[in-house]
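Input: a single structure, listed below in C-alpha cells.
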Amino acid sequence: MSAGFQGPMRLYSQTIARQKGLSRFGLDKMRESRVDRNVHSLASKRRKTNLIERMISSNSDFIPSEPPPSFAGTPVFKDIEFSRGTSKEAQQRNADPKAVFVVTGASRGIGCQYVKALLERTNGRIVACCRLPSTNDLKDYLDSNPHYQDRVTLTQLDLRNQDTIDKLANVIETDFEGRLDGLFNVAGLLGDGGSTTPGPERTASNLDRSWITTSFEVNTIGPMMMCQALMPYLKVPVRSDRPKSIVVNMSARVGSISDNGLGGWYSYRASKAALNQFTRTFALEVTKRNQTWVIALHPGTTNTGLSKPFQKNVKPGKLFPVEFTVNQLLNLVDTMEEHHSGGFYDWAGKALPF
Ligand SMILES: NC(=O)c1ccc[n+]([C@@H]2O[C@H](COP(=O)([O-])OP(=O)(O)OC[C@H]3O[C@@H](n4cnc5c(N)ncnc54)[C@H](OP(=O)(O)O)[C@@H]3O)[C@@H](O)[C@H]2O)c1
C-alpha cells in the first residue's frame with residue numbers, strides 16, 4: 001500500500017504535502033490510513049449486516065438498513081435470543097385451537113396486523129377489540145377472508161370507558177370458558193404534533209391538562225385496567241395442562257428515562273415510562289404465582305397512522321412495514337422465557353434500560 005504515487009499524481013501529492021506541512025512519507029501514511037478506514041468501514045458494514053441478519057426472522061422480505069441504535073443506560077434484563085427458537089410453551093399455545101387471545105387497537109396499524117398474524121401463526125380464537133367494530137381495516141380484511149371469520153370476535157372497547165373493559169371480561173368469562181392465553185395491549189395515542197392535537201408536546205409550554213389525561217388513559221391506565229380485569233382468566237390453574245399465558249404491552253423506546261437525551265413528547269414519554277413500570281410491577285406479581293409472563297415491547301418506527309406525521313426524516317430502510325414489525329415481535333414473544341418477564345425489549349430482542 002505504501003508504493004507511493006507516480007508522475008503528475010506524485011507532484012500533486014508533494015504540493016498537498018507541503019500545504020499540509022507533511023513529508024511525502026506522511027502523506028502516503030495519510031492516504032494509507034484513508035484506505036484502511038475504507039477497508040475498516042467495509043468490514044464494519046459487513047459486521048452490521050451480519051448483526052441485522054441475526055436480529056431478524058428469516059421469513060421477512062424487508063431488511064432494516066440499521067441495527068437498533070445504541071442506548072444510554074443499563075438494562076437490568078437479559079436480551080431475548082432469537083437463535084433459541086420457539087419455546088415449548090409457545091408451541092403448545094400456538095397449536096391449541098382452544099387458546100384465546102385478546103388484542104386491543106385491532107382496528108388498524110400494529111393491532112390489526114397482530115390479529116392477522118395470530119390467525120396465521122396460531123390455531124386459537126381472537127377477540128379483536130376496536131372502538132368502532134363495524135368499520136375498520138380489520139373488518140375489511142375479514143370480509144375478504146371469510147374463512148377466518150369464525151375465529152375472530154370483533155368486540156367494542158374504548159380504553160377510556162371502564163364499562164367496556166368490564167363487558168369484555170364478561171365476554172371472556174361466558175363465551176370463552178373463562179380462558180385467556182394472551183393479552184396484547186396495543187392501542188396507543190401519540191398525537192399529530194399540533195395539527196389537530198396538542199401532543200406530542202415539544203415544550204412544557206404546550207402541556208394541556210386534557211391531552212395529558214387522555215394520553216394516560218389510553219397508554220397507561222387502559223392497559224392497567226385490562227390487566228386487572230383479565231388477570232383471573234390469564235391465570236393458569238394449578239395442575240392444568242395449559243401453557244403459560246402472556247401479556248404484551250406495546251411501549252416505545254422514548255419511554256426509557258435513562259435513554260432520554262432529546263426531550264420533548266412529554267405526555268407520550270411519561271405515559272409509556274409509567275406503562276413500563278406497571279409491566280415490571282405486574283410481572284413481579286403474576287409471573288410465578290399465576291404463570292403469566294409479561295413484557296413491554298418497542299416495535300421500531302413502523303409505518304402506521306401513528307408515525308405518519310413524523311415520517312419525513314425517516315430513511316426508508318428505517319421505516320418498518322407493519323408485517324415485519326409484528327413478525328419480529330411475535331417471534332420475540334414465542335422465544336421468551338420466564339426470566340424475561342418484566343423486561344422492556346426492542347424489536348431485535350435487546351433488553352432496553354428503563
Ligand atoms: N408506529 C410506531 O412507529 C410505533 C413506535 C413505538 C411505539 N408504538 C406503539 O405501538 C402501539 C400501536 O401503534 P400503531 O402505530 O399501530 O398506532 P395507530 O395505527 O395509530 O393505531 C392506534 C390504535 O389505538 C386505538 N385507540 C386509540 N384510542 C383508543 C381508545 N380510547 N380505546 C381503544 N382503542 C384506542 C385506535 O383505534 P381507532 O381506530 O378507533 O382510533 C387504533 O386501533 C401503540 O401503543 C404505540 O404507542 C408505535
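Here's how to read the names in the C-alpha cells: chain A, B, ... by the order shown, residue numbers from 1 in each chain, ligand numbers from 1 in the order shown.
Considering only range 17-251 of chain A, backbone DSSP assigns strand (DSSP E or B) to A:Val100, A:Phe101, A:Val102, A:Val103, A:Thr104, A:Arg125, A:Ile126, A:Val127, A:Ala128, A:Cys129, A:Cys130, A:Val152, A:Thr153, A:Leu154, A:Thr155, A:Gln156, A:Gly182, A:Leu183, A:Phe184, A:Asn185, A:Ser245, A:Ile246, A:Val247, A:Val248, A:Asn249, A:Met250.
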Sorted per-residue table, chain A near ligand 1, closest atoms and distance, 6 Å, only C-alpha atoms and all ligand atoms, as CSV:
residue,atom,partner,partner_atom_place_in_ligand_line,distance
A:Gly105,CA,ligand 1,43 (O),3.2
A:Ala106,CA,ligand 1,43 (O),5.0
A:Ser107,CA,ligand 1,43 (O),4.4
A:Arg108,CA,ligand 1,43 (O),4.8
A:Gly109,CA,ligand 1,16 (O),3.6
A:Ile110,CA,ligand 1,16 (O),3.7
A:Gly111,CA,ligand 1,16 (O),5.6
A:Cys130,CA,ligand 1,40 (O),5.8
A:Arg131,CA,ligand 1,40 (O),4.5
A:Leu132,CA,ligand 1,40 (O),5.9
A:Leu157,CA,ligand 1,33 (C),5.7
A:Asp158,CA,ligand 1,32 (N),3.6
A:Leu159,CA,ligand 1,32 (N),3.9
A:Arg160,CA,ligand 1,31 (N),5.1
A:Val186,CA,ligand 1,11 (C),4.7
A:Ala187,CA,ligand 1,24 (O),3.4
A:Gly188,CA,ligand 1,45 (O),3.5
A:Leu189,CA,ligand 1,27 (C),5.7
A:Val218,CA,ligand 1,31 (N),5.3
A:Met250,CA,ligand 1,45 (O),4.7
A:Ser251,CA,ligand 1,7 (C),5.4
A:Ala252,CA,ligand 1,7 (C),4.1
A:His298,CA,ligand 1,6 (C),5.6
A:Pro299,CA,ligand 1,6 (C),5.4
A:Gly300,CA,ligand 1,5 (C),5.4
A:Thr301,CA,ligand 1,3 (O),3.5
A:Thr302,CA,ligand 1,3 (O),3.8
A:Asn303,CA,ligand 1,1 (N),5.9
A:Thr304,CA,ligand 1,19 (O),4.6
A:Gly305,CA,ligand 1,19 (O),4.3
A:Leu306,CA,ligand 1,20 (O),3.7
A:Ser307,CA,ligand 1,3 (O),4.9
For the residues in that selection, give me N, CA and C atoms as a tab-separated table (two decimals), in the first residue's frame.
chain	number	residue	atom	x	y	z
A	105	GLY	N	-56.73	-2.19	20.08
A	105	GLY	CA	-56.24	-1.38	18.94
A	105	GLY	C	-56.26	-2.18	17.66
A	106	ALA	N	-57.21	-3.12	17.55
A	106	ALA	CA	-57.22	-4.06	16.42
A	106	ALA	C	-57.79	-3.44	15.15
A	107	SER	N	-58.26	-2.21	15.22
A	107	SER	CA	-58.92	-1.61	14.04
A	107	SER	C	-57.95	-1.34	12.91
A	108	ARG	N	-56.67	-1.06	13.25
A	108	ARG	CA	-55.71	-0.65	12.20
A	108	ARG	C	-54.29	-0.78	12.74
A	109	GLY	N	-53.32	-0.44	11.90
A	109	GLY	CA	-51.92	-0.38	12.32
A	109	GLY	C	-51.41	-1.70	12.89
A	110	ILE	N	-50.61	-1.59	13.94
A	110	ILE	CA	-49.94	-2.76	14.52
A	110	ILE	C	-50.94	-3.75	15.11
A	111	GLY	N	-52.00	-3.24	15.75
A	111	GLY	CA	-53.01	-4.12	16.36
A	111	GLY	C	-53.70	-4.97	15.32
A	130	CYS	N	-61.99	-3.09	19.24
A	130	CYS	CA	-61.94	-1.84	18.47
A	130	CYS	C	-62.95	-0.87	19.06
A	131	ARG	N	-62.66	0.42	18.87
A	131	ARG	CA	-63.65	1.40	19.31
A	131	ARG	C	-64.90	1.33	18.43
A	132	LEU	N	-64.70	1.14	17.13
A	132	LEU	CA	-65.83	1.02	16.19
A	132	LEU	C	-65.69	-0.29	15.42
A	157	LEU	N	-64.55	-1.81	22.35
A	157	LEU	CA	-63.78	-1.47	23.56
A	157	LEU	C	-63.22	-0.06	23.40
A	158	ASP	N	-63.50	0.76	24.40
A	158	ASP	CA	-62.87	2.08	24.46
A	158	ASP	C	-62.10	2.12	25.78
A	159	LEU	N	-60.80	2.24	25.70
A	159	LEU	CA	-59.99	2.16	26.93
A	159	LEU	C	-60.28	3.29	27.92
A	160	ARG	N	-61.00	4.32	27.46
A	160	ARG	CA	-61.33	5.42	28.36
A	160	ARG	C	-62.65	5.14	29.08
A	186	VAL	N	-52.25	-3.15	22.69
A	186	VAL	CA	-51.59	-2.48	21.56
A	186	VAL	C	-52.05	-1.04	21.39
A	187	ALA	N	-53.32	-0.76	21.66
A	187	ALA	CA	-53.85	0.59	21.41
A	187	ALA	C	-52.96	1.64	22.06
A	188	GLY	N	-52.75	2.73	21.36
A	188	GLY	CA	-51.90	3.80	21.90
A	188	GLY	C	-52.18	5.11	21.21
A	189	LEU	N	-51.71	6.18	21.84
A	189	LEU	CA	-52.01	7.53	21.35
A	189	LEU	C	-50.74	8.38	21.43
A	218	VAL	N	-55.30	6.24	27.68
A	218	VAL	CA	-55.16	5.25	26.60
A	218	VAL	C	-53.86	4.46	26.74
A	250	MET	N	-47.57	-2.84	24.48
A	250	MET	CA	-46.84	-2.10	23.46
A	250	MET	C	-46.38	-0.77	24.05
A	251	SER	N	-45.07	-0.67	24.20
A	251	SER	CA	-44.48	0.52	24.77
A	251	SER	C	-43.77	1.29	23.65
A	252	ALA	N	-42.79	2.08	23.99
A	252	ALA	CA	-41.99	2.81	23.00
A	252	ALA	C	-40.66	3.13	23.65
A	298	HIS	N	-40.86	-2.44	22.31
A	298	HIS	CA	-40.72	-1.28	21.41
A	298	HIS	C	-40.66	-1.81	19.98
A	299	PRO	N	-41.61	-1.38	19.13
A	299	PRO	CA	-41.70	-2.01	17.80
A	299	PRO	C	-40.71	-1.48	16.77
A	300	GLY	N	-39.99	-0.38	17.05
A	300	GLY	CA	-39.24	0.29	15.98
A	300	GLY	C	-40.21	1.17	15.21
A	301	THR	N	-39.68	2.16	14.51
A	301	THR	CA	-40.58	3.07	13.80
A	301	THR	C	-41.29	2.31	12.68
A	302	THR	N	-42.60	2.23	12.82
A	302	THR	CA	-43.41	1.38	11.93
A	302	THR	C	-44.39	2.24	11.16
A	303	ASN	N	-44.59	1.86	9.91
A	303	ASN	CA	-45.42	2.65	9.00
A	303	ASN	C	-46.91	2.50	9.32
A	304	THR	N	-47.40	3.33	10.22
A	304	THR	CA	-48.82	3.33	10.60
A	304	THR	C	-49.30	4.77	10.72
A	305	GLY	N	-50.58	4.92	11.02
A	305	GLY	CA	-51.14	6.25	11.20
A	305	GLY	C	-50.43	7.02	12.31
A	306	LEU	N	-50.00	6.31	13.34
A	306	LEU	CA	-49.36	6.97	14.49
A	306	LEU	C	-48.05	7.66	14.10
A	307	SER	N	-47.26	7.00	13.24
A	307	SER	CA	-45.95	7.57	12.91
A	307	SER	C	-46.01	8.49	11.69
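Minimum distance to Tyr266 in chain A across A:Trp211, A:Tyr233, A:Phe310, A:Phe282 (counting only C-alpha atoms) occurs at A:Trp211.
The gap separating CA of Asn170 in chain A from CA of Val103 in chain A is 15.8 Å, in Å to one decimal.
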#### Entry: Between CA of Ser240 in chain A and CA of Gln291 in chain A, distance in Å (one decimal)
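Going from CA of Ser240 in chain A over to CA of Gln291 in chain A covers 10.9 Å.
Nearest residue to Phe176 in chain A, choosing from A:Asn219, A:Leu142, A:Pro97, A:His147 and counting only C-alpha atoms: A:Pro97.
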### Message
Just to confirm, what's the straight-line distance from CA of Ser267 in chain A to CA of Asp208 in chain A in Å (one decimal)?
### Response
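If I compute the distance from CA of Ser267 in chain A to CA of Asp208 in chain A, I get 9.3 Å.
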### Message
Taking only C-alpha atoms into account, name the residue in A:Gly194, A:Gln228, A:Phe184, A:Val102 that is nearest to Ile172 in chain A.
### Response
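Ranking A:Gly194, A:Gln228, A:Phe184, A:Val102 by distance to Ile172 in chain A, first place goes to A:Val102.
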What's around Ser87 in chain A at 9 Å? Count only C-alpha atoms, leave out sequence neighbours fewer than 6 positions away in its own chain, and write the answer as a PDB file with C-alpha atoms, in the first residue's frame.
ATOM      1  CA  ASP A 334     -42.539 -17.048  21.146  1.00  0.00           C
ATOM      2  CA  THR A 335     -38.875 -17.161  22.202  1.00  0.00           C
ATOM      3  CA  MET A 336     -39.158 -15.518  25.619  1.00  0.00           C
ATOM      4  CA  GLU A 337     -38.573 -17.440  28.826  1.00  0.00           C
TER       5      GLU A 337
END
### Query
Of the candidates A:Ser134, A:Gln149, A:Asn313, A:Ser215, which shows the shortest atom-to-atom distance to Leu119 in chain A, using only C-alpha atoms?
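Among A:Ser134, A:Gln149, A:Asn313, A:Ser215, it is A:Gln149 that comes nearest to Leu119 in chain A.
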#### Entry: Nearest-residue call for Gly255 in chain A, choices A:His339, A:Leu352, A:Asp96, A:Val236, using only C-alpha atoms
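With only C-alpha atoms as the atom set, the closest residue is A:Leu352.
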